[in-house]
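The block underneath contains the structure these notes are about, expressed in structure tokens.
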Amino acid sequence: MEPARTPTSPSDDVRTTAPTGRALATEAVHAGRDDLAGLGLHAPPIDLSTTYPSYDSRGEAARIDAFATTGADPQGPPVYGRLGNPTVARFETALARLEGTEAAVAFASGMAALSAVLLVRGSVGLRHVVAVRPLYGCSDHLLTAGLLGSEVTWTDPAGIADALRPDTGLVLVESPANPTLAEVDLRAVAHACGSVPLLVDNTFATPVLQRPAGQGARLVLHSATKYLGGHGDVLAGVVACDEEFAGRLRQVRFATGGVLHPLAGYLLLRGLSTLPVRVRAASANAAALAERLAADPRVARVHYPRIGGAMVSFEVRGDPHEVIGRVRLITPAVSLGSVDTLIQHPASISHRIVDADDRKGAGVGDRLLRLSVGLEDVDDLWADLDRALGERAAEAIPPREALSRAD
């Protein structure tokens, strides 16, 4: 197997420059807040209103008619919380700027966001989806079970073009993938899609490490619960895309009610301001832990993305459940992207809903553990992992399968 290598990271221009030309760190702090000084404010306001008074019912009717036609944000005063919210709109503006898209539409969760995309495509008769495993377990289940009337063809990246049909409405990939951290060539995949929209789940990478829209993706999905919020205290999803598709998503959000609460929108906007700092610091910790794990005889294989990031997956030689039970500093819990480090066993939790054969075929084995690395001191994290991995064998163990990176 390939030898362990020093983890790489994206080029400086990808990491530090936003599509607007301003530095990404600057954009993360100021996007969605540009008007505050003119309003005499420093912190963004939280608008908790569910409805808004209006003495101009004719004007309100015209705005509602316009929304029904195109899904565009209603001009003028807000109408109703399900149509949109000013606080949430600030987060949407900021995320679109960071991802380099015309718009973004926020939802109550990542799964609500993905469901809205499938409903938009299904509403015009394009219910077939081409997807590449692995995906987040609930995304996999949503497609496989056909809960929204969709039909899925699973393939590898090289087979996407051949899997397309006249009724294909979407191609879906996740890169780096959950939980194996496998990566795909997004430009090549976008080319293979032709005119079919490509949706890239960018939850693990965030716009700090990768911007799929610049590589040909029409839709960029985030479980904003993870790195965008960054503190484990907000549940949300968002799709960054062009304005035309955003209009359709807003219409679905209005009709189905999968709206994001304004307080969540406020927390997400606050989370974006520290996103570059958090991702880079956690990625440095993850890279160091990946190297230490790869050199440890108690670990059979380590998966770490070529673009870097704060996620590490590793396969242990012993019982993974015992490792989970022995951590003390690291928190044994689902989810990821928080400031503290989390560990979980995908085959038991996040991907349990996926058929066992499909799960194993996608590389989600029974000995695989997923580590979301936080901002703690890396030596403290390693001390906890070292203890959790158990006693080292007295005799030499045959050479392991080193550090793995997907091409």
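Identifiers in this document derive from the order of the structure tokens: chains are assigned A, B, ..., residues are numbered from 1 separately in each chain, and ligands are numbered from 1 in order of occurrence.
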
**Message:** If we count only C-alpha atoms and set the cut-off at 12 Å, which residues sit around region 21-32 of chain A, ignoring sequence neighbours fewer than 2 positions away in its own chain? Please answer as number ranges by chain.
**Reply:** A: 12-19, 34-37, 42-45, 86-100, 104, 206-211, 228, 265-266, 268-280

**Asked** Among region 139-347 of chain A, which ones does DSSP place in helix (DSSP H, G or I), written as a ChimeraX atom specification?
**Response** /A:139-144,157-163,186-193,206-209,212-215,243-256,262-273,275-294,320-326

**Item:** Residues near Leu381 (chain A), cut-off 10 Å, only C-alpha atoms, skip fewer than 3 positions along chain, as a PyMOL selection string
**Value:** chain A and resi 285-286+289+327-330+341+373-378+384-386

**Request:** Please give the complete set of residues from region 26-187 of chain A that DSSP, run on the backbone, assigns to strand (DSSP E or B), formatted as a list in words.
**Result:** Thr51, Tyr80, Ala103, Ala104, Val105, Ala106, Phe107, His128, Val129, Val130, Ala131, Val132, Glu151, Val152, Thr153, Trp154, Thr155, Thr168, Gly169, Leu170, Val171, Leu172, Val173 and Glu174 of chain A

Go ahead and dump the residues you just picked, N, CA, C and O atoms, as a CSV table (one decimal), in the first residue's frame.
chain,number,residue,atom,x,y,z
A,51,THR,N,-45.1,37.4,11.5
A,51,THR,CA,-45.9,38.1,10.5
A,51,THR,C,-45.6,39.6,10.6
A,51,THR,O,-44.9,40.1,11.6
A,80,TYR,N,-44.6,37.4,5.6
A,80,TYR,CA,-44.9,36.3,6.5
A,80,TYR,C,-43.6,35.5,6.7
A,80,TYR,O,-42.8,35.4,5.7
A,103,ALA,N,-27.0,33.0,-5.2
A,103,ALA,CA,-28.0,33.0,-4.1
A,103,ALA,C,-27.7,31.8,-3.2
A,103,ALA,O,-26.9,30.9,-3.5
A,104,ALA,N,-28.4,31.8,-2.1
A,104,ALA,CA,-28.4,30.6,-1.2
A,104,ALA,C,-29.8,30.6,-0.5
A,104,ALA,O,-30.4,31.6,-0.3
A,105,VAL,N,-30.3,29.4,-0.3
A,105,VAL,CA,-31.6,29.2,0.4
A,105,VAL,C,-31.4,28.3,1.6
A,105,VAL,O,-30.9,27.2,1.4
A,106,ALA,N,-31.8,28.8,2.7
A,106,ALA,CA,-31.6,28.1,4.0
A,106,ALA,C,-32.9,27.3,4.4
A,106,ALA,O,-34.0,27.7,4.1
A,107,PHE,N,-32.6,26.2,5.1
A,107,PHE,CA,-33.7,25.3,5.5
A,107,PHE,C,-33.5,24.9,6.9
A,107,PHE,O,-32.5,25.1,7.5
A,128,HIS,N,-35.3,10.9,-11.7
A,128,HIS,CA,-34.2,10.0,-11.7
A,128,HIS,C,-32.9,10.7,-11.2
A,128,HIS,O,-32.6,11.9,-11.6
A,129,VAL,N,-32.2,10.1,-10.3
A,129,VAL,CA,-31.0,10.7,-9.7
A,129,VAL,C,-29.9,9.7,-9.9
A,129,VAL,O,-30.0,8.5,-9.7
A,130,VAL,N,-28.7,10.2,-10.3
A,130,VAL,CA,-27.5,9.5,-10.4
A,130,VAL,C,-26.6,9.9,-9.2
A,130,VAL,O,-26.4,11.1,-9.0
A,131,ALA,N,-26.2,8.9,-8.4
A,131,ALA,CA,-25.4,9.3,-7.2
A,131,ALA,C,-24.2,8.4,-7.0
A,131,ALA,O,-24.2,7.2,-7.5
A,132,VAL,N,-23.2,8.9,-6.3
A,132,VAL,CA,-22.0,8.2,-6.1
A,132,VAL,C,-21.9,7.9,-4.6
A,132,VAL,O,-22.0,8.9,-3.8
A,151,GLU,N,-36.0,7.9,-8.1
A,151,GLU,CA,-35.4,6.7,-8.4
A,151,GLU,C,-33.9,6.9,-8.6
A,151,GLU,O,-33.5,7.9,-9.2
A,152,VAL,N,-33.1,6.1,-8.0
A,152,VAL,CA,-31.6,6.3,-8.0
A,152,VAL,C,-30.9,5.3,-8.7
A,152,VAL,O,-31.2,4.1,-8.6
A,153,THR,N,-29.8,5.7,-9.4
A,153,THR,CA,-28.8,4.8,-10.0
A,153,THR,C,-27.5,5.1,-9.3
A,153,THR,O,-27.0,6.2,-9.4
A,154,TRP,N,-27.0,4.1,-8.6
A,154,TRP,CA,-25.7,4.2,-8.0
A,154,TRP,C,-24.6,3.9,-8.9
A,154,TRP,O,-24.6,2.9,-9.7
A,155,THR,N,-23.5,4.7,-9.0
A,155,THR,CA,-22.4,4.4,-9.9
A,155,THR,C,-21.1,5.0,-9.3
A,155,THR,O,-21.2,5.7,-8.3
A,168,THR,N,-33.3,12.0,-16.0
A,168,THR,CA,-32.4,12.3,-14.9
A,168,THR,C,-32.4,13.8,-14.6
A,168,THR,O,-32.2,14.7,-15.4
A,169,GLY,N,-32.7,14.1,-13.3
A,169,GLY,CA,-32.9,15.4,-12.9
A,169,GLY,C,-31.7,15.9,-12.0
A,169,GLY,O,-31.6,17.2,-11.8
A,170,LEU,N,-30.8,15.0,-11.6
A,170,LEU,CA,-29.8,15.4,-10.7
A,170,LEU,C,-28.7,14.4,-10.6
A,170,LEU,O,-29.0,13.2,-10.7
A,171,VAL,N,-27.5,14.9,-10.5
A,171,VAL,CA,-26.3,14.0,-10.1
A,171,VAL,C,-25.8,14.5,-8.8
A,171,VAL,O,-25.7,15.7,-8.5
A,172,LEU,N,-25.6,13.6,-7.8
A,172,LEU,CA,-25.3,13.9,-6.5
A,172,LEU,C,-24.0,13.2,-6.1
A,172,LEU,O,-23.9,12.0,-6.2
A,173,VAL,N,-23.1,14.0,-5.6
A,173,VAL,CA,-21.8,13.5,-5.0
A,173,VAL,C,-21.5,14.2,-3.7
A,173,VAL,O,-22.0,15.3,-3.5
A,174,GLU,N,-20.7,13.6,-2.9
A,174,GLU,CA,-20.2,14.2,-1.7
A,174,GLU,C,-18.7,14.0,-1.7
A,174,GLU,O,-18.2,12.9,-1.8

**Request:** Find the residue from A:Thr331, A:Thr70, A:Ser57, A:Ser283 that sits nearest to Ile307 (chain A); use only C-alpha atoms when measuring.
**Result:**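 So, comparing all the options, the nearest one is A:Ser283.
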
**Contact residues around Gly318 (chain A) with only C-alpha atoms at 10 Å, ignoring same-chain residues under 5 positions, as number ranges by chain** = A: 298-300, 323, 367, 389-390

**Prompt:** Which of these, A:Ala61, A:Leu263, A:Ala116, A:Ala217, has the shortest distance to Val234 (chain A) once you count only C-alpha atoms?
**Reply:**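 Distance minimum relative to Val234 (chain A) lands on A:Leu263.
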